[in-house]
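K.L.:
What follows is the file data_6.txt, containing compact mmCIF, C-alpha atoms:
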```txt
# COMPACT_ATOMS: atom_id res chain seq x y z
CA MET O 1 7.06 -29.47 -37.10
CA ASN O 2 8.35 -32.80 -35.83
CA SER O 3 6.77 -34.89 -33.09
CA LEU O 4 8.98 -33.38 -30.38
CA ASP O 5 7.87 -29.90 -31.35
CA GLU O 6 4.30 -31.05 -31.33
CA LYS O 7 4.71 -32.39 -27.83
CA ILE O 8 6.28 -29.13 -26.71
CA CYS O 9 3.44 -27.16 -28.27
CA GLU O 10 0.88 -29.33 -26.53
CA GLN O 11 2.68 -28.66 -23.26
CA LEU O 12 2.60 -24.95 -24.08
CA SER O 13 -1.15 -25.17 -24.60
CA ALA O 14 -1.57 -26.95 -21.26
CA LEU O 15 0.70 -24.39 -19.56
CA MET O 16 -1.50 -21.62 -20.90
CA ASP O 17 -4.48 -23.24 -19.21
CA GLY O 18 -2.58 -23.89 -15.98
CA GLU O 19 -2.97 -27.63 -16.50
CA LEU O 20 0.65 -28.62 -16.99
CA PRO O 21 2.23 -30.80 -14.27
CA ALA O 22 5.06 -29.14 -12.37
CA ASP O 23 7.82 -31.39 -13.71
CA GLU O 24 6.77 -30.78 -17.32
CA ALA O 25 6.41 -27.08 -16.59
CA ARG O 26 10.01 -26.86 -15.40
CA PHE O 27 11.22 -28.54 -18.57
CA LEU O 28 9.12 -26.25 -20.73
CA GLU O 29 10.36 -23.14 -18.93
CA ARG O 30 13.90 -23.96 -19.97
CA ARG O 31 12.76 -24.35 -23.57
CA LEU O 32 10.88 -21.09 -23.44
CA ALA O 33 13.91 -19.24 -22.13
CA ASN O 34 15.99 -20.39 -25.07
CA GLU O 35 13.50 -20.44 -27.95
CA PRO O 36 12.05 -17.09 -29.05
CA ALA O 37 9.85 -18.89 -31.59
CA LEU O 38 8.13 -20.72 -28.77
CA ARG O 39 7.46 -17.44 -26.98
CA GLU O 40 6.00 -15.97 -30.17
CA ARG O 41 3.73 -18.97 -30.40
CA TRP O 42 2.64 -18.33 -26.82
CA GLU O 43 1.82 -14.75 -27.85
CA ARG O 44 -0.30 -15.87 -30.82
CA MET O 45 -2.19 -18.37 -28.68
CA GLN O 46 -2.91 -15.67 -26.10
CA LEU O 47 -4.07 -13.32 -28.84
CA ALA O 48 -6.43 -15.97 -30.24
CA SER O 49 -7.73 -16.62 -26.74
CA ALA O 50 -8.46 -12.92 -26.22
CA CYS O 51 -10.26 -12.79 -29.59
CA MET O 52 -12.47 -15.74 -28.64
CA LYS O 53 -13.33 -14.08 -25.33
CA GLY O 54 -14.20 -10.84 -27.09
CA GLN O 55 -11.68 -8.81 -25.07
CA PRO O 56 -10.80 -5.36 -26.42
CA LEU O 57 -7.42 -5.40 -28.11
CA ARG O 58 -5.06 -3.00 -29.72
CA LEU O 59 -2.37 -4.82 -31.62
CA MET O 60 1.03 -3.78 -30.43
CA ARG O 61 4.09 -4.05 -32.59
CA ALA O 62 6.08 -7.25 -32.33
CA SER O 63 8.98 -5.12 -31.15
CA LEU O 64 7.23 -4.21 -27.89
CA ALA O 65 8.03 -7.43 -26.06
CA GLU O 66 11.55 -7.40 -27.48
CA ASN O 67 12.13 -3.82 -26.36
CA VAL O 68 10.84 -4.58 -22.88
CA ALA O 69 13.14 -7.60 -22.71
CA LYS O 70 16.08 -5.42 -23.77
CA ASP O 71 15.29 -2.87 -21.09
CA LEU O 72 14.92 -5.58 -18.48
CA ALA O 73 18.32 -7.01 -19.39
CA ILE O 74 19.97 -4.01 -17.73
CA GLU O 75 17.51 -3.91 -14.84
CA PRO O 76 18.46 -5.56 -11.55
CA THR O 77 16.67 -8.82 -10.94
CA ALA O 78 13.28 -8.36 -9.31
CA LYS O 79 13.73 -10.28 -6.09
CA LYS O 80 11.07 -10.23 -3.46
CA SER O 81 12.15 -7.86 -0.74
CA ARG O 82 12.38 -8.92 2.89
CA ARG O 83 12.62 -5.34 4.05
CA PRO O 84 9.11 -5.13 5.44
CA LEU O 85 9.89 -7.97 7.85
CA LEU O 86 13.20 -6.37 8.78
CA GLY O 87 11.46 -3.05 9.34
CA TRP O 88 8.95 -4.59 11.71
CA ALA O 89 11.73 -6.31 13.63
CA ILE O 90 13.68 -3.06 14.04
CA ALA O 91 10.57 -1.14 15.09
CA ALA O 92 9.68 -3.77 17.67
CA SER O 93 13.23 -3.79 19.07
CA VAL O 94 13.32 0.00 19.40
CA ALA O 95 9.94 0.03 21.09
CA LEU O 96 11.07 -2.65 23.54
CA LEU O 97 14.25 -0.75 24.37
CA ALA O 98 12.31 2.47 24.84
CA VAL O 99 9.91 0.82 27.27
CA ALA O 100 12.66 -0.99 29.17
CA PHE O 101 15.24 1.79 29.49
CA GLY O 102 13.41 5.02 28.75
CA PRO O 103 12.66 6.05 32.37
CA ARG O 104 16.16 5.13 33.52
CA TRP O 105 17.71 7.39 30.93
CA GLY O 106 15.62 10.20 32.33
CA SER O 107 16.75 9.60 35.89
CA HIS O 108 20.41 9.42 34.80
CA GLU O 109 20.08 12.78 33.13
CA THR O 110 18.46 14.21 36.21
CA SER O 111 21.19 13.07 38.52
CA SER O 112 23.84 14.44 36.23
CA THR O 113 22.11 17.81 36.01
CA ALA O 114 21.18 18.06 39.66
CA PRO O 115 24.23 20.11 40.74
CA VAL O 116 23.54 22.55 37.96
CA LEU O 117 19.94 22.92 39.00
CA ALA O 118 20.95 23.43 42.60
CA ASP O 119 22.95 26.47 41.51
CA THR O 120 20.09 28.05 39.63
CA PRO O 121 18.47 31.13 41.16
CA VAL O 122 15.63 30.44 43.56
CA ILE O 123 12.26 30.80 41.94
CA GLN O 124 9.93 33.25 43.55
CA PHE O 125 6.41 31.89 43.57
CA ALA O 126 3.80 34.53 42.95
CA PRO O 127 0.78 34.56 45.21
CA PHE O 128 -2.38 33.12 43.75
CA VAL O 129 -5.83 34.53 43.47
CA ALA O 130 -8.72 32.14 43.91
CA THR O 131 -11.59 32.18 41.50
CA PRO O 132 -14.92 33.21 42.98
CA SER O 133 -16.41 29.85 42.20
CA SER O 134 -13.96 27.80 44.21
CA ALA O 135 -14.05 30.22 47.11
CA ASP O 136 -17.80 30.23 47.15
CA LEU O 137 -17.95 26.46 47.12
CA VAL O 138 -15.69 26.22 50.10
CA ALA O 139 -17.58 29.01 51.82
CA GLU O 140 -20.84 27.14 51.38
CA ALA O 141 -19.27 24.00 52.68
CA SER O 142 -17.97 25.80 55.73
CA ALA O 143 -21.36 27.39 56.40
CA THR O 144 -23.31 24.15 56.22
CA ALA O 145 -20.83 21.86 57.80
CA ALA O 146 -18.63 23.73 60.15
CA PRO O 147 -16.89 20.63 61.56
CA MET O 148 -15.70 19.83 58.06
CA GLU O 149 -13.66 23.01 57.97
CA SER O 150 -10.72 21.40 59.58
CA LEU O 151 -10.72 18.66 56.99
CA ILE O 152 -11.16 20.77 53.87
CA LYS O 153 -7.93 22.11 52.60
CA PRO O 154 -8.64 24.41 49.66
CA ALA O 155 -6.55 23.41 46.67
CA PRO O 156 -4.78 26.34 45.16
CA ARG O 157 -5.10 27.02 41.45
CA SER O 158 -1.94 26.66 39.49
CA VAL O 159 -2.69 29.76 37.44
CA PRO O 160 -0.69 32.66 38.77
CA ALA O 161 -2.35 35.99 39.33
CA LYS O 162 -2.15 38.31 36.35
CA ASN O 163 -1.35 41.24 38.59
CA PRO O 164 0.71 40.08 41.56
CA ASP O 165 0.27 43.39 43.33
CA ILE O 166 -3.47 42.94 43.66
CA GLY O 167 -4.88 41.18 46.70
CA LYS O 168 -1.68 39.97 48.23
CA PRO O 169 -2.79 38.27 51.42
CA THR O 170 -0.66 38.84 54.40
CA ILE O 171 0.45 35.96 56.56
CA ALA O 172 -1.28 37.39 59.55
CA ALA O 173 -4.54 37.68 57.68
CA VAL O 174 -4.30 34.14 56.45
CA ALA O 175 -3.39 32.82 59.87
CA GLY O 176 -6.37 34.55 61.41
CA THR O 177 -8.80 33.45 58.82
CA GLN O 178 -11.14 30.66 59.78
CA SER O 179 -13.48 30.66 56.82
CA PRO O 180 -12.88 31.38 53.09
CA SER O 181 -15.88 33.70 53.20
CA ASP O 182 -13.82 35.98 55.41
CA PHE O 183 -11.19 36.50 52.77
CA PRO O 184 -11.07 40.05 51.44
CA LEU O 185 -12.39 40.80 47.98
CA VAL O 186 -9.95 41.90 45.37
CA GLU O 187 -11.01 45.26 44.14
CA GLY O 188 -9.88 44.83 40.58
CA ASN O 189 -11.80 41.74 39.59
CA GLY O 190 -14.07 41.00 42.49
CA ALA O 191 -12.25 37.76 43.30
CA LYS O 192 -11.36 36.70 46.76
CA ALA O 193 -7.79 36.34 47.79
CA TRP O 194 -6.99 32.78 48.59
CA PRO O 195 -4.24 31.55 50.84
CA ARG O 196 -1.99 29.55 48.63
CA SER O 197 0.43 28.39 51.21
CA THR O 198 1.15 28.95 54.81
CA LEU O 199 4.81 29.18 53.99
CA PRO O 200 6.13 32.65 54.52
CA SER O 201 6.42 34.34 51.16
CA ASN O 202 9.86 35.64 51.93
CA THR O 203 11.19 32.22 52.92
CA ASN O 204 13.84 31.31 50.42
CA ASP O 205 14.70 27.72 50.98
CA PRO O 206 17.16 26.81 48.22
CA ALA O 207 17.02 23.13 49.08
CA LEU O 208 13.24 23.00 48.76
CA GLU O 209 13.16 25.05 45.60
CA ALA O 210 15.89 22.97 44.02
CA TYR O 211 14.02 19.85 44.98
CA LEU O 212 10.83 21.07 43.36
CA VAL O 213 12.60 22.03 40.16
CA ARG O 214 14.43 18.72 40.13
CA HIS O 215 11.22 16.87 40.77
CA ASN O 216 9.43 18.50 37.86
CA GLN O 217 12.43 18.02 35.63
CA MET O 218 12.57 14.33 36.48
CA MET O 219 8.88 13.87 35.85
CA SER O 220 9.09 15.42 32.41
CA ASP O 221 12.13 13.34 31.56
CA ASP O 222 10.24 10.23 32.45
CA GLY O 223 7.51 11.08 30.02
CA LEU O 224 5.01 11.62 32.84
CA SER O 225 4.74 15.36 32.54
CA GLY O 226 1.10 15.19 31.56
CA PHE O 227 0.10 13.54 34.82
CA VAL O 228 2.51 13.93 37.69
CA PRO O 229 2.76 17.76 37.81
CA TYR O 230 -0.82 17.78 39.10
CA VAL O 231 0.19 15.82 42.16
CA ASP O 232 0.73 18.10 45.10
CA VAL O 233 4.05 18.12 46.81
CA VAL O 234 3.77 18.34 50.59
CA SER O 235 6.29 20.46 52.31
CA ASN O 236 6.76 21.82 55.78
CA ASP O 237 7.45 25.22 57.06
CA PRO O 238 10.74 24.80 58.87
CA GLY O 239 9.95 27.71 61.11
CA ASN O 240 6.54 26.41 62.03
CA ALA O 241 7.04 22.67 61.69
CA ALA O 242 5.49 21.74 64.97
CA GLY O 243 2.29 23.65 64.40
CA GLU O 244 1.86 22.85 60.77
CA ASN O 245 2.73 19.19 60.76
CA GLN O 246 -0.87 18.15 61.08
CA SER O 247 -2.33 20.42 58.43
CA GLY O 248 0.67 20.81 56.15
CA GLY O 249 1.24 23.41 53.48
CA THR O 250 0.66 22.55 49.89
CA ASP O 251 2.60 23.50 46.89
CA LYS O 252 3.48 22.22 43.58
CA MET Q 1 -5.53 -23.80 -12.01
CA GLY Q 2 -7.36 -20.71 -13.21
CA GLU Q 3 -5.98 -17.87 -15.25
CA ASN Q 4 -5.12 -15.79 -12.22
CA GLU Q 5 -3.41 -18.71 -10.51
CA LEU Q 6 -1.31 -19.19 -13.60
CA ASP Q 7 -0.42 -15.50 -13.59
CA LEU Q 8 0.50 -15.69 -9.91
CA ASP Q 9 2.70 -18.66 -10.66
CA LEU Q 10 4.50 -16.65 -13.33
CA VAL Q 11 4.76 -13.68 -10.97
CA LYS Q 12 6.38 -15.88 -8.32
CA ARG Q 13 8.91 -17.01 -10.86
CA VAL Q 14 9.65 -13.40 -11.76
CA GLN Q 15 10.06 -12.62 -8.07
CA HIS Q 16 12.65 -15.38 -7.93
CA GLY Q 17 14.59 -13.74 -10.73
CA ASP Q 18 13.12 -15.42 -13.82
CA LYS Q 19 12.92 -12.75 -16.53
CA THR Q 20 11.54 -15.22 -19.08
CA ALA Q 21 8.41 -15.55 -16.96
CA PHE Q 22 7.94 -11.79 -17.17
CA ASP Q 23 8.36 -11.96 -20.93
CA LEU Q 24 5.49 -14.45 -21.03
CA LEU Q 25 3.33 -12.03 -19.06
CA VAL Q 26 4.24 -9.19 -21.43
CA ARG Q 27 3.35 -11.26 -24.48
CA LYS Q 28 0.13 -12.38 -22.86
CA TYR Q 29 -1.16 -8.95 -21.92
CA GLN Q 30 0.47 -6.48 -24.31
CA HIS Q 31 -2.49 -6.18 -26.68
CA ARG Q 32 -5.03 -5.79 -23.90
CA ILE Q 33 -2.84 -3.20 -22.18
CA GLY Q 34 -2.53 -1.50 -25.56
CA ALA Q 35 -6.32 -1.22 -25.66
CA VAL Q 36 -6.40 0.28 -22.15
CA ILE Q 37 -3.76 2.88 -23.00
CA GLY Q 38 -5.47 3.64 -26.31
CA ARG Q 39 -8.42 4.95 -24.33
CA PHE Q 40 -6.20 7.73 -22.94
CA VAL Q 41 -3.62 8.16 -25.69
CA PRO Q 42 -5.09 7.61 -29.13
CA ASP Q 43 -1.83 8.04 -30.99
CA TYR Q 44 -0.48 4.61 -31.86
CA ALA Q 45 3.24 5.39 -31.55
CA GLU Q 46 2.73 7.12 -28.21
CA SER Q 47 0.65 4.28 -26.84
CA GLN Q 48 3.39 1.87 -27.86
CA ASP Q 49 5.93 3.82 -25.79
CA ILE Q 50 3.56 4.08 -22.84
CA ALA Q 51 2.86 0.35 -22.95
CA GLN Q 52 6.58 -0.31 -22.86
CA GLU Q 53 7.04 2.05 -19.93
CA SER Q 54 4.11 0.44 -18.12
CA PHE Q 55 5.68 -2.99 -18.33
CA ILE Q 56 9.02 -1.67 -17.14
CA ARG Q 57 7.32 -0.04 -14.16
CA ALA Q 58 5.45 -3.24 -13.46
CA TYR Q 59 8.69 -5.19 -13.46
CA ARG Q 60 10.30 -2.74 -11.04
CA ALA Q 61 7.33 -3.01 -8.69
CA ILE Q 62 6.60 -6.69 -9.06
CA ALA Q 63 8.74 -7.61 -6.05
CA ASN Q 64 6.08 -5.93 -3.89
CA PHE Q 65 3.13 -7.58 -5.63
CA ARG Q 66 1.56 -9.84 -2.99
CA GLY Q 67 -1.27 -11.31 -5.03
CA ASP Q 68 -4.05 -9.54 -3.11
CA SER Q 69 -5.60 -8.59 -6.44
CA GLN Q 70 -5.48 -10.21 -9.83
CA PHE Q 71 -2.28 -9.60 -11.69
CA TYR Q 72 -4.10 -8.09 -14.66
CA THR Q 73 -5.97 -5.68 -12.38
CA TRP Q 74 -2.67 -4.57 -10.90
CA LEU Q 75 -1.10 -4.21 -14.34
CA TYR Q 76 -4.18 -2.35 -15.59
CA ARG Q 77 -3.78 0.27 -12.86
CA ILE Q 78 -0.11 0.75 -13.63
CA ALA Q 79 -0.95 1.25 -17.30
CA VAL Q 80 -3.70 3.77 -16.52
CA ASN Q 81 -1.43 5.73 -14.18
CA THR Q 82 1.41 5.70 -16.68
CA ALA Q 83 -0.91 6.98 -19.41
CA LYS Q 84 -2.25 9.73 -17.15
CA ASN Q 85 1.24 10.77 -16.09
CA HIS Q 86 2.20 10.92 -19.74
CA LEU Q 87 -0.70 13.22 -20.50
CA VAL Q 88 0.16 15.48 -17.57
CA ALA Q 89 3.80 15.59 -18.66
CA MET Q 90 2.66 16.56 -22.15
CA LYS Q 91 0.41 19.21 -20.59
CA ARG Q 92 -2.67 17.50 -21.85
CA ARG Q 93 -5.72 16.99 -19.71
CA PRO Q 94 -6.25 13.39 -18.58
CA PRO Q 95 -9.86 12.19 -18.58
CA THR Q 96 -11.70 12.98 -15.37
CA SER Q 97 -13.46 9.64 -15.15
CA ASP Q 98 -11.91 6.22 -15.14
CA VAL Q 99 -13.31 2.97 -16.42
CA ASP Q 100 -13.02 0.22 -13.86
CA VAL Q 101 -10.96 -2.75 -14.89
CA ASP Q 102 -13.98 -5.04 -14.63
CA ASP Q 103 -16.02 -2.76 -16.85
CA ALA Q 104 -13.22 -2.14 -19.29
CA GLU Q 105 -13.78 -5.48 -20.97
CA HIS Q 106 -17.38 -4.55 -21.67
CA TYR Q 107 -16.82 -0.83 -22.12
CA SER Q 108 -19.34 0.45 -24.64
CA GLY Q 109 -16.79 2.83 -26.10
CA ALA Q 110 -14.28 0.06 -26.65
CA GLY Q 111 -14.84 0.25 -30.36
CA ARG Q 112 -13.94 3.91 -30.33
CA MET Q 113 -10.33 3.20 -29.49
CA HIS Q 114 -9.85 1.35 -32.70
CA ASP Q 115 -10.73 4.47 -34.63
CA HIS Q 116 -7.32 5.85 -33.71
CA ASP Q 117 -5.39 2.84 -34.89
CA THR Q 118 -3.66 3.09 -38.19
CA PRO Q 119 -5.79 1.65 -40.98
CA GLU Q 120 -3.29 -1.17 -41.38
CA HIS Q 121 -3.51 -2.18 -37.73
CA GLU Q 122 -7.26 -1.91 -37.68
CA MET Q 123 -7.49 -4.11 -40.78
CA LEU Q 124 -5.13 -6.61 -39.25
CA ARG Q 125 -7.07 -6.70 -36.00
CA GLN Q 126 -10.30 -7.35 -37.85
CA GLU Q 127 -8.67 -9.97 -39.99
CA ILE Q 128 -7.29 -11.81 -36.98
CA ALA Q 129 -10.68 -11.78 -35.27
CA ARG Q 130 -12.34 -13.08 -38.41
CA GLU Q 131 -9.75 -15.82 -38.90
CA VAL Q 132 -10.15 -17.02 -35.33
CA SER Q 133 -13.91 -17.05 -35.60
CA ASP Q 134 -13.90 -18.83 -38.96
CA THR Q 135 -11.37 -21.41 -37.82
CA VAL Q 136 -13.35 -22.28 -34.70
CA ALA Q 137 -16.49 -22.63 -36.79
CA GLU Q 138 -14.72 -25.00 -39.18
CA LEU Q 139 -13.25 -27.22 -36.46
CA PRO Q 140 -14.50 -30.78 -36.00
CA GLU Q 141 -17.26 -30.99 -33.40
CA GLU Q 142 -15.18 -32.48 -30.57
CA LEU Q 143 -12.39 -29.93 -31.02
CA ARG Q 144 -14.80 -27.02 -31.26
CA GLN Q 145 -16.66 -28.13 -28.14
CA ALA Q 146 -13.44 -28.59 -26.17
CA ILE Q 147 -11.96 -25.21 -27.10
CA THR Q 148 -15.29 -23.46 -26.56
CA LEU Q 149 -15.77 -24.94 -23.10
CA ARG Q 150 -12.26 -23.92 -22.19
CA GLU Q 151 -12.08 -20.41 -23.66
CA MET Q 152 -15.67 -19.22 -23.42
CA GLU Q 153 -16.89 -21.08 -20.36
CA GLY Q 154 -13.60 -21.20 -18.51
CA LEU Q 155 -13.97 -24.83 -17.48
CA SER Q 156 -10.99 -26.81 -16.23
CA TYR Q 157 -9.74 -29.89 -18.10
CA GLU Q 158 -11.36 -32.10 -15.49
CA GLU Q 159 -14.72 -30.39 -15.89
CA ILE Q 160 -14.49 -30.60 -19.67
CA ALA Q 161 -13.61 -34.28 -19.41
CA GLU Q 162 -16.75 -34.86 -17.35
CA THR Q 163 -18.87 -32.84 -19.75
CA MET Q 164 -17.53 -34.57 -22.84
CA ASP Q 165 -17.25 -37.92 -21.12
CA CYS Q 166 -13.63 -38.53 -22.12
CA PRO Q 167 -10.22 -38.76 -20.38
CA ILE Q 168 -8.39 -35.59 -19.37
CA GLY Q 169 -5.53 -36.47 -21.72
CA THR Q 170 -7.97 -36.45 -24.61
CA VAL Q 171 -9.26 -33.04 -23.56
CA ARG Q 172 -5.71 -31.72 -23.46
CA SER Q 173 -5.03 -33.12 -26.90
CA ARG Q 174 -8.26 -31.77 -28.39
CA ILE Q 175 -7.69 -28.29 -27.05
CA PHE Q 176 -4.14 -28.32 -28.36
CA ARG Q 177 -5.26 -29.42 -31.81
CA ALA Q 178 -7.89 -26.71 -31.94
CA ARG Q 179 -5.27 -24.12 -31.04
CA GLU Q 180 -2.89 -25.59 -33.55
CA ALA Q 181 -5.48 -25.07 -36.28
CA ILE Q 182 -6.09 -21.48 -35.22
CA ASP Q 183 -2.37 -20.76 -34.98
CA ALA Q 184 -1.79 -22.11 -38.47
CA ARG Q 185 -4.12 -19.41 -39.76
CA LEU Q 186 -2.75 -16.63 -37.56
CA ARG Q 187 0.94 -17.21 -38.09
CA PRO Q 188 1.09 -15.77 -41.63
CA LEU Q 189 -0.80 -12.69 -40.48
CA MET Q 190 1.36 -12.07 -37.44
CA ASP Q 191 4.60 -12.72 -39.24
CA SER Q 192 3.76 -10.13 -41.83
CA GLU Q 193 5.64 -6.88 -41.82
CA ARG Q 194 2.46 -5.05 -40.83
CA VAL Q 195 2.99 -5.86 -37.19
CA ARG Q 196 6.67 -5.06 -37.38
CA PRO Q 197 7.87 -1.54 -36.68
```
Let me see whether you can do it: turn the structure in this file into C-alpha cells.
P.N.:
Amino acid sequence: MNSLDEKICEQLSALMDGELPADEARFLERRLANEPALRERWERMQLASACMKGQPLRLMRASLAENVAKDLAIEPTAKKSRRPLLGWAIAASVALLAVAFGPRWGSHETSSTAPVLADTPVIQFAPFVATPSSADLVAEASATAAPMESLIKPAPRSVPAKNPDIGKPTIAAVAGTQSPSDFPLVEGNGAKAWPRSTLPSNTNDPALEAYLVRHNQMMSDDGLSGFVPYVDVVSNDPGNAAGENQSGGTDK
Amino acid sequence: MGENELDLDLVKRVQHGDKTAFDLLVRKYQHRIGAVIGRFVPDYAESQDIAQESFIRAYRAIANFRGDSQFYTWLYRIAVNTAKNHLVAMKRRPPTSDVDVDDAEHYSGAGRMHDHDTPEHEMLRQEIAREVSDTVAELPEELRQAITLREMEGLSYEEIAETMDCPIGTVRSRIFRAREAIDARLRPLMDSERVRP
C-alpha cells in the first residue's frame, strides 16, 4: 500500500466515523464508486466495528452485496418523490373550488331543471295526525294562558299519518276549533287530529307545489339538505288571503 | 456526526441517485441484518436470499424514508417483515412474538441463531471475533485507547482529543492505525473461499 492509498484509507476510517470534511468526502465518494477493493475494506472495517461492539452477526456471503448491486443496476434510480406535496396542492385546490363554486353549480342545475319539475304531477299532501304529547302541551298552554292562544301556532309534525283515512279533520271543524283540546280523538290510536294547514285539502295549486318541490331540490343541491328542510315555508290561501294574512298557514 | 447522522447522509445521497452510497449501507449492515433474519429463518441459504430481497425492498422504499427513525431501525423492520412474508409464503408459521430492534442487540437468544449456521461460517465468525479481540489487546496503549473510546464509548474525535489531550488529527491517525492493524488480520480470513458462495 503506497502513501496515497494510506491517505485514502485514513479518509475511509474518518468517513466511517462521520468525521470526514465535506470536500474530502466528495473526493472519497468518487474513489469508492470506482474501486471495489475500497468498498470491501469498508465492509471489513464495519465488521470489525460490530465485533468490538458485541453486536450479533451472521456472516453473509461476499456475493450478497454484489448481487444486490446487480439487482439495483436494473432498478430505476431512487429519487425522492415530490408527489406528497403535489397531492396536497391538488387537494387544496379542489377544496377551494368546491367551496367557491359548489352552491352555484346547484342553483344552475335547479334553474335548468325547473321547467321539468313544473310539469311533474302535483303532490298530494296527506293530512297529519298530531301526537298526544304535542297536543296536550298546547292544550295546557291554552288552558293556563288563554290570551296566548292567538300567538301559539302549533307546528305540524312532518311524519305523515300511517293511515290517512283515520281522523281526517274537516275544514269546517278546524275553522271552528278554538283550542287543541277540542280536537276529536282518533279512535284507532287515541291521538288527536291536528290541523296541519288551513289550506283547503282539495286546493291544487301547481305553482305553489312546483315551488315547494323546486325549493327542496335547490336546498339539497346546495348541500344544505340537513338543515333547511326544517324551515317552514309560509304560504297563503289564495281563496282566503285577506283573512289568513295575519295568521298564515304553514307548510313545508 | 454520529452513526445515525452518517447513515442519514448516505441515505440522502441514495435519494439523489447515488447507488454507491446504498452499496456502502448494504456492506455496513448485511451481517447484522443476516443475524436478524436468522432468528426467523435458520437455513443459511434461505436467509441469504431474504437478506438480498430485504435490501432490494429497502432501496425501492428509500425515497420515502424521511429520517424520523434511525436508518437501521427502518431496515430492521423491513428485514423482519420480509422474513415473515417468506415464512407465510412457504406456509410456515412465523413467530408470534417479535424482538424489538433495541432489544435485538442484547437478545438473550442471540447465540441460538448461530447454531443454524454452517460449521464453516460459525468457525469463521468465531475466528473473526477472536482476531479482533486479540488485535485490540495487542495494540499500543494510545491506539487501543483511541479505538476503544471511539467504538465502545461512541465518543467523537473532539471528545477523544480532549480525553487523550492531543490534537484531533492525531486522534484520527491513531484510530486509523488501529483499524489498519485489525484489517491486516481480518483480510486473509475474509478473502478466503469460505465466505465465497
K.L.:
Leaving out Asp71 (chain O) and any residue of its chain fewer than 2 positions from it, which residues lie within 12 Å of it when counting only C-alpha atoms, given as an MDAnalysis selection string?
P.N.:
(chainID O and resid 64:69 73:77) or (chainID Q and resid 19 23 52:53 55:57 59:60)
K.L.:
Please produce a file of those selected residues containing C-alpha atoms, as a PDB file, in the frame of the given file.
P.N.:
```pdb
ATOM      1  CA  LEU O  64       7.230  -4.210 -27.890  1.00  0.00           C
ATOM      2  CA  ALA O  65       8.030  -7.430 -26.060  1.00  0.00           C
ATOM      3  CA  GLU O  66      11.550  -7.400 -27.480  1.00  0.00           C
ATOM      4  CA  ASN O  67      12.130  -3.820 -26.360  1.00  0.00           C
ATOM      5  CA  VAL O  68      10.840  -4.580 -22.880  1.00  0.00           C
ATOM      6  CA  ALA O  69      13.140  -7.600 -22.710  1.00  0.00           C
ATOM      7  CA  ALA O  73      18.320  -7.010 -19.390  1.00  0.00           C
ATOM      8  CA  ILE O  74      19.970  -4.010 -17.730  1.00  0.00           C
ATOM      9  CA  GLU O  75      17.510  -3.910 -14.840  1.00  0.00           C
ATOM     10  CA  PRO O  76      18.460  -5.560 -11.550  1.00  0.00           C
ATOM     11  CA  THR O  77      16.670  -8.820 -10.940  1.00  0.00           C
TER      12      THR O  77
ATOM     13  CA  LYS Q  19      12.920 -12.750 -16.530  1.00  0.00           C
ATOM     14  CA  ASP Q  23       8.360 -11.960 -20.930  1.00  0.00           C
ATOM     15  CA  GLN Q  52       6.580  -0.310 -22.860  1.00  0.00           C
ATOM     16  CA  GLU Q  53       7.040   2.050 -19.930  1.00  0.00           C
ATOM     17  CA  PHE Q  55       5.680  -2.990 -18.330  1.00  0.00           C
ATOM     18  CA  ILE Q  56       9.020  -1.670 -17.140  1.00  0.00           C
ATOM     19  CA  ARG Q  57       7.320  -0.040 -14.160  1.00  0.00           C
ATOM     20  CA  TYR Q  59       8.690  -5.190 -13.460  1.00  0.00           C
ATOM     21  CA  ARG Q  60      10.300  -2.740 -11.040  1.00  0.00           C
TER      22      ARG Q  60
END
```
K.L.:
Mind giving me the straight-line distance from CA of Gln55 (chain O) to CA of Ile8 (chain O) in Å, one decimal?
P.N.:
27.2 Å
K.L.:
Which of these, O:Leu28, O:Ala92, O:Ala50, O:Leu57, has the shortest distance to chain Q once you count only C-alpha atoms?
P.N.:
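For chain Q, the nearest of the given residues is O:Leu57.
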K.L.:
Do you have the CA of Ala78 (chain O)-CA of Ser47 (chain Q) distance handy?
P.N.:
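Separation between CA of Ala78 (chain O) and CA of Ser47 (chain Q): 25.0 Å.
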K.L.:
Find the residues of chain Q in contact range of chain O, meaning any atom within 7 Å when counting all atoms listed in the file, and list them as an MDAnalysis selection string.
P.N.:
chainID Q and resid 1:3 6 14:17 20 23:24 26:28 30:32 34:35 48 52 56 59:60 62:64 105 110 121 125 129 132 151:152 172 176 179 183 195:197
K.L.:
For the atom pair CA of Asp5 (chain O) and CA of Glu141 (chain Q), what is the interatomic distance in Å to one decimal place?
P.N.:
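Atom-to-atom, CA of Asp5 (chain O) and CA of Glu141 (chain Q) are spaced 25.2 Å apart.
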K.L.:
What's the 7 Å shell around region 65-79 of chain Q, counting only C-alpha atoms, without same-chain residues fewer than 2 positions away, as a short mmCIF file (atom, residue, chain, number, x, y, z; two decimals) with C-alpha atoms, in the frame of the given file?
P.N.:
```
data_model
loop_
_atom_site.label_atom_id
_atom_site.label_comp_id
_atom_site.auth_asym_id
_atom_site.auth_seq_id
_atom_site.Cartn_x
_atom_site.Cartn_y
_atom_site.Cartn_z
CA ASN Q 4 -5.12 -15.79 -12.22
CA ASP Q 7 -0.42 -15.50 -13.59
CA LEU Q 8 0.50 -15.69 -9.91
CA ILE Q 33 -2.84 -3.20 -22.18
CA ILE Q 37 -3.76 2.88 -23.00
CA ALA Q 51 2.86 0.35 -22.95
CA SER Q 54 4.11 0.44 -18.12
CA ALA Q 58 5.45 -3.24 -13.46
CA ALA Q 61 7.33 -3.01 -8.69
CA ILE Q 62 6.60 -6.69 -9.06
CA ALA Q 63 8.74 -7.61 -6.05
CA ASN Q 81 -1.43 5.73 -14.18
CA THR Q 82 1.41 5.70 -16.68
CA ALA Q 83 -0.91 6.98 -19.41
CA VAL Q 101 -10.96 -2.75 -14.89
#
```
K.L.:
For Arg174 (chain Q), work out the shell of residues within 8 Å, counting all atoms listed in the file and skipping chain neighbours fewer than 2 positions away, then give it as a VMD selection string.
P.N.:
chain Q and resid 142 to 143 146 to 147 170 to 172 176 to 178
